[in-house]
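Report on one structure; see the data block that follows.
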Amino acid sequence: MLGNLRMLCLCLCFSWAETRIWAWMLNMPHGPPKEGSKALRDSAALPKATTAVCDHDRACGRGFSCDRHFGLCVPLRGEGHYCRRDAQCVRGLSCMFGKCHRSIPNGQEGARCKVDRDCGDSMCCARHHGEQVCKRRLIRSASCFVPDGGLAFSINQICPCDEGLLCRKNGASQQREIDFIYHPERSSWTCQVPKS
């Protein structure tokens with residue numbers, strides 16, 4: 001009896017810890033959102049499509065999208081709410097970095113892109129939290145260190161130096177002391193005008 005009770009406690013603790021770890025890793029809430037009761041009250045006026053089983057958005061009807069992970073129709077989400085794809089957000093919003101955000105016009109800083117030419121002048125297409133977006137090219141004296149590879153390189157990238165500048169290593173004397181102590185390789189590379 002005591003062994004079964006210990007096993008039950010262990011399973012419950014492991015389940016709670018595992019949920020917290022996965023929520024942290026996926027940057028998702030580990031419990032219901034704070035506005036959950038309000039959302040339930042507001043959805044009560046909507047048709048009961050939330051319980052409908054689906055495998056694509058068309059099966060859900062107006063104002064709903066298909067949560068393909070659970071195979072259920074769910075109401076479209078507003079700004080700041082969690083999402084997995086654009087179709088889960090209301091019109092005018094895009095799903096970026098796991099939340100519904102106002103859509104940014106093509107070519108502007110923060111807009112989605114596939115290649116550099118999708119972005120405006122003095123910008124490039126680089127990853128930010130894993131999503132390819134338009135970012136500004138680096139200005140003079142900006143840190144331009146890029147890791148050889150690995151997770152840090154594949155999730156967050158920086159643009160190259162702006163036109164007419166090159167990424168060069170500085171002398172240690174020009175560095176801020178704190179930067180140099182914690183990130184010596186990063187702080188010693190900056191965008192500079194090439195010497196003739």
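Residue numbering restarts at 1 for every chain of the structure tokens, chains are lettered A, B, ... in their displayed order, and ligands are numbered from 1 as they appear.
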| If you run DSSP on this backbone, which residues of stretch 89-122 of chain A come out as strand (DSSP E), and could you give them as a PyMOL selection string? | chain A and resi 93-96+99-102
Residues within 10 Å of stretch 51-64 of chain A, only C-alpha atoms, excluding chain neighbours under 2 positions, as a compact mmCIF listing (two decimals) with all heavy atoms, in the first residue's frame:
```txt
# COMPACT_ATOMS: atom_id res chain seq x y z
N LEU A 46 -20.70 32.13 -28.96
CA LEU A 46 -20.34 31.61 -30.29
C LEU A 46 -20.95 30.23 -30.49
O LEU A 46 -21.26 29.53 -29.52
CB LEU A 46 -18.82 31.52 -30.41
CG LEU A 46 -18.08 32.85 -30.35
CD1 LEU A 46 -16.59 32.60 -30.23
CD2 LEU A 46 -18.38 33.69 -31.56
N PRO A 47 -21.11 29.80 -31.74
CA PRO A 47 -21.61 28.45 -31.99
C PRO A 47 -20.68 27.42 -31.37
O PRO A 47 -19.52 27.68 -31.14
CB PRO A 47 -21.60 28.34 -33.52
CG PRO A 47 -21.41 29.71 -34.04
CD PRO A 47 -20.85 30.54 -32.95
N LYS A 48 -21.18 26.24 -31.14
CA LYS A 48 -20.41 25.19 -30.47
C LYS A 48 -19.42 24.51 -31.40
O LYS A 48 -19.20 23.31 -31.32
CB LYS A 48 -21.36 24.16 -29.86
CG LYS A 48 -22.15 24.70 -28.71
CD LYS A 48 -21.24 24.99 -27.54
CE LYS A 48 -22.03 25.52 -26.36
NZ LYS A 48 -21.18 25.97 -25.30
N ALA A 49 -18.75 25.29 -32.28
CA ALA A 49 -17.77 24.72 -33.20
C ALA A 49 -16.49 24.32 -32.49
O ALA A 49 -15.68 23.60 -33.03
CB ALA A 49 -17.44 25.71 -34.32
N CYS A 66 -8.73 25.33 -37.29
CA CYS A 66 -8.51 23.96 -36.84
C CYS A 66 -7.17 23.89 -36.10
O CYS A 66 -6.14 24.21 -36.66
CB CYS A 66 -8.51 23.01 -38.03
SG CYS A 66 -8.31 21.28 -37.55
N ASP A 67 -7.22 23.51 -34.84
CA ASP A 67 -6.00 23.23 -34.09
C ASP A 67 -5.60 21.82 -34.48
O ASP A 67 -6.13 20.84 -33.97
CB ASP A 67 -6.25 23.34 -32.59
CG ASP A 67 -4.97 23.20 -31.79
OD1 ASP A 67 -4.05 22.47 -32.23
OD2 ASP A 67 -4.87 23.82 -30.72
N ARG A 68 -4.69 21.71 -35.42
CA ARG A 68 -4.33 20.41 -36.00
C ARG A 68 -3.68 19.47 -35.00
O ARG A 68 -3.74 18.26 -35.17
CB ARG A 68 -3.41 20.61 -37.20
CG ARG A 68 -4.12 21.32 -38.33
CD ARG A 68 -3.19 21.57 -39.49
NE ARG A 68 -3.86 22.36 -40.50
CZ ARG A 68 -3.23 23.08 -41.40
NH1 ARG A 68 -1.92 23.10 -41.42
NH2 ARG A 68 -3.90 23.77 -42.28
N HIS A 69 -3.09 20.02 -33.95
CA HIS A 69 -2.47 19.17 -32.94
C HIS A 69 -3.53 18.35 -32.20
O HIS A 69 -3.36 17.17 -31.97
CB HIS A 69 -1.67 20.03 -31.95
CG HIS A 69 -0.99 19.23 -30.89
ND1 HIS A 69 0.16 18.52 -31.13
CD2 HIS A 69 -1.32 19.01 -29.59
CE1 HIS A 69 0.53 17.90 -30.03
NE2 HIS A 69 -0.34 18.19 -29.07
N PHE A 70 -4.63 19.02 -31.82
CA PHE A 70 -5.70 18.34 -31.09
C PHE A 70 -6.83 17.89 -32.00
O PHE A 70 -7.70 17.13 -31.58
CB PHE A 70 -6.25 19.25 -29.99
CG PHE A 70 -5.23 19.58 -28.94
CD1 PHE A 70 -4.66 20.83 -28.89
CD2 PHE A 70 -4.82 18.62 -28.03
CE1 PHE A 70 -3.70 21.14 -27.93
CE2 PHE A 70 -3.86 18.92 -27.07
CZ PHE A 70 -3.30 20.17 -27.03
N GLY A 71 -6.87 18.39 -33.25
CA GLY A 71 -7.92 18.01 -34.18
C GLY A 71 -9.27 18.58 -33.80
O GLY A 71 -10.30 17.97 -34.06
N LEU A 72 -9.28 19.79 -33.20
CA LEU A 72 -10.53 20.44 -32.78
C LEU A 72 -10.60 21.86 -33.32
O LEU A 72 -9.59 22.53 -33.46
CB LEU A 72 -10.63 20.49 -31.25
CG LEU A 72 -10.70 19.16 -30.52
CD1 LEU A 72 -10.62 19.39 -29.02
CD2 LEU A 72 -11.97 18.42 -30.88
N CYS A 73 -11.82 22.33 -33.59
CA CYS A 73 -12.02 23.71 -34.00
C CYS A 73 -11.92 24.62 -32.78
O CYS A 73 -12.49 24.32 -31.73
CB CYS A 73 -13.39 23.88 -34.65
SG CYS A 73 -13.55 22.99 -36.22
N VAL A 74 -11.17 25.72 -32.92
CA VAL A 74 -11.00 26.68 -31.82
C VAL A 74 -11.27 28.08 -32.35
O VAL A 74 -11.06 28.35 -33.53
CB VAL A 74 -9.59 26.60 -31.22
CG1 VAL A 74 -9.36 25.27 -30.52
CG2 VAL A 74 -8.52 26.85 -32.26
N PRO A 75 -11.74 29.00 -31.49
CA PRO A 75 -11.97 30.38 -31.94
C PRO A 75 -10.67 31.04 -32.38
O PRO A 75 -9.60 30.74 -31.85
CB PRO A 75 -12.53 31.09 -30.69
CG PRO A 75 -12.95 30.01 -29.76
CD PRO A 75 -12.12 28.81 -30.09
N LEU A 76 -10.76 31.95 -33.36
CA LEU A 76 -9.59 32.71 -33.79
C LEU A 76 -9.08 33.54 -32.62
O LEU A 76 -9.86 33.99 -31.77
CB LEU A 76 -9.94 33.62 -34.97
CG LEU A 76 -10.33 32.90 -36.26
CD1 LEU A 76 -10.71 33.92 -37.33
CD2 LEU A 76 -9.22 32.00 -36.75
N ARG A 77 -7.79 33.77 -32.58
CA ARG A 77 -7.16 34.43 -31.44
C ARG A 77 -6.80 35.87 -31.76
O ARG A 77 -6.43 36.20 -32.88
CB ARG A 77 -5.92 33.66 -31.02
CG ARG A 77 -6.34 32.28 -30.54
CD ARG A 77 -5.22 31.34 -30.38
NE ARG A 77 -5.76 30.05 -29.92
CZ ARG A 77 -5.16 28.92 -30.08
NH1 ARG A 77 -4.00 28.88 -30.67
NH2 ARG A 77 -5.72 27.81 -29.63
N ALA A 87 -3.18 31.16 -39.54
CA ALA A 87 -4.62 30.90 -39.64
C ALA A 87 -5.32 30.88 -38.28
O ALA A 87 -6.53 30.98 -38.21
CB ALA A 87 -4.87 29.58 -40.36
N GLN A 88 -4.58 30.79 -37.19
CA GLN A 88 -5.19 30.79 -35.86
C GLN A 88 -5.45 32.20 -35.34
O GLN A 88 -6.09 32.37 -34.31
CB GLN A 88 -4.31 30.03 -34.87
CG GLN A 88 -4.29 28.54 -35.13
CD GLN A 88 -3.45 27.80 -34.11
OE1 GLN A 88 -2.37 28.24 -33.72
NE2 GLN A 88 -3.94 26.65 -33.67
N CYS A 89 -4.94 33.22 -36.04
CA CYS A 89 -5.10 34.62 -35.61
C CYS A 89 -6.21 35.30 -36.41
O CYS A 89 -6.46 34.94 -37.55
CB CYS A 89 -3.80 35.39 -35.81
SG CYS A 89 -2.39 34.70 -34.91
N VAL A 90 -6.84 36.32 -35.80
CA VAL A 90 -7.87 37.07 -36.51
C VAL A 90 -7.24 37.82 -37.67
O VAL A 90 -6.02 38.01 -37.72
CB VAL A 90 -8.63 38.05 -35.57
CG1 VAL A 90 -9.39 37.30 -34.50
CG2 VAL A 90 -7.69 39.06 -34.96
N ARG A 91 -8.07 38.28 -38.60
CA ARG A 91 -7.58 38.99 -39.78
C ARG A 91 -6.75 40.21 -39.39
O ARG A 91 -7.09 40.92 -38.46
CB ARG A 91 -8.76 39.44 -40.65
CG ARG A 91 -8.32 40.14 -41.92
CD ARG A 91 -9.47 40.42 -42.80
NE ARG A 91 -9.90 39.13 -43.35
CZ ARG A 91 -10.85 39.01 -44.25
NH1 ARG A 91 -11.49 40.05 -44.68
NH2 ARG A 91 -11.16 37.82 -44.71
```
Any idea what's packed within 10 Å of A:His101, counting only C-alpha atoms, ignoring anything in its chain fewer than 5 positions away? Could you give it as a short mmCIF file (atom, residue, chain, number, x, y, z; two decimals) with N, CA and C atoms, in the first residue's frame?
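Saved to out-v6.cif:
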```cif
data_model
loop_
_atom_site.label_atom_id
_atom_site.label_comp_id
_atom_site.auth_asym_id
_atom_site.auth_seq_id
_atom_site.Cartn_x
_atom_site.Cartn_y
_atom_site.Cartn_z
N GLY A 78 -6.86 36.72 -30.74
CA GLY A 78 -6.55 38.14 -30.87
C GLY A 78 -5.08 38.42 -30.60
N GLU A 79 -4.72 39.70 -30.68
CA GLU A 79 -3.34 40.14 -30.49
C GLU A 79 -2.82 39.74 -29.11
N GLY A 80 -1.61 39.17 -29.10
CA GLY A 80 -0.97 38.77 -27.85
C GLY A 80 -1.30 37.37 -27.38
N HIS A 81 -2.23 36.69 -28.07
CA HIS A 81 -2.60 35.33 -27.67
C HIS A 81 -1.68 34.31 -28.35
N TYR A 82 -1.51 33.16 -27.72
CA TYR A 82 -0.64 32.12 -28.25
C TYR A 82 -1.20 31.55 -29.55
N CYS A 83 -0.29 31.17 -30.46
CA CYS A 83 -0.70 30.58 -31.74
C CYS A 83 0.43 29.70 -32.26
N ASP A 86 -0.45 31.30 -38.77
CA ASP A 86 -1.21 32.52 -39.09
C ASP A 86 -2.72 32.30 -39.06
N CYS A 89 -4.94 33.22 -36.04
CA CYS A 89 -5.10 34.62 -35.61
C CYS A 89 -6.21 35.30 -36.41
N VAL A 90 -6.84 36.32 -35.80
CA VAL A 90 -7.87 37.07 -36.51
C VAL A 90 -7.24 37.82 -37.67
N GLY A 92 -5.64 40.42 -40.10
CA GLY A 92 -4.76 41.54 -39.82
C GLY A 92 -3.63 41.20 -38.86
N LEU A 93 -3.68 39.99 -38.28
CA LEU A 93 -2.62 39.56 -37.37
C LEU A 93 -1.87 38.38 -37.97
N SER A 94 -0.61 38.25 -37.60
CA SER A 94 0.22 37.13 -38.03
C SER A 94 0.75 36.42 -36.80
N CYS A 95 0.99 35.12 -36.93
CA CYS A 95 1.55 34.35 -35.84
C CYS A 95 3.07 34.40 -35.96
N MET A 96 3.70 35.18 -35.08
CA MET A 96 5.16 35.28 -35.07
C MET A 96 5.67 35.05 -33.67
#
```
| task | Please provide as a VMD selection string all residues within 7 Å of stretch 127-136 of chain A, with the sequence filter that same-chain residues fewer than 4 positions apart are discarded (counting only C-alpha atoms). | result | chain A and resid 97 107 to 114 119 122 to 123 154 to 157 159
| message | Can you tell me which residues surround A:Arg168 at a distance of at most 10 Å, considering only C-alpha atoms, apart from same-chain residues fewer than 3 positions away, and format the answer as an MDAnalysis selection string? | response | chainID A and resid 141 143:145 165 171 188:194
Saved selection, atoms kept: C-alpha atoms, as a PDB file, in the first residue's frame:
```pdb
ATOM      1  CA  SER A 141      31.185  50.270 -34.546  1.00  0.00           C
ATOM      2  CA  SER A 143      29.402  44.293 -32.870  1.00  0.00           C
ATOM      3  CA  CYS A 144      29.531  41.945 -35.859  1.00  0.00           C
ATOM      4  CA  PHE A 145      30.815  38.674 -34.375  1.00  0.00           C
ATOM      5  CA  LEU A 165      31.963  48.674 -43.927  1.00  0.00           C
ATOM      6  CA  GLY A 171      42.473  45.849 -30.308  1.00  0.00           C
ATOM      7  CA  SER A 188      36.316  42.452 -30.325  1.00  0.00           C
ATOM      8  CA  TRP A 189      34.702  42.307 -33.785  1.00  0.00           C
ATOM      9  CA  THR A 190      33.023  45.491 -35.067  1.00  0.00           C
ATOM     10  CA  CYS A 191      31.954  47.041 -38.376  1.00  0.00           C
ATOM     11  CA  GLN A 192      34.721  49.363 -39.560  1.00  0.00           C
ATOM     12  CA  VAL A 193      35.667  51.422 -42.580  1.00  0.00           C
ATOM     13  CA  PRO A 194      38.346  49.410 -44.428  1.00  0.00           C
TER      14      PRO A 194
END
```
| said: Just list as a PyMOL selection string whatever in stretch 105-186 of chain A DSSP marks as helix (DSSP H, G or I). | reply: chain A and resi 116-118+151-155+172-174+177-182+184-186
| message | Restricting the calculation to only C-alpha atoms: of A:Arg102, A:Leu166, A:Arg137, A:Phe153, which residue gets closest to A:Cys125? | response | A:Arg137
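Taking atom CA of A:Ile104 as the reference point, atom CA of A:Arg84 is found at 17.8 Å.
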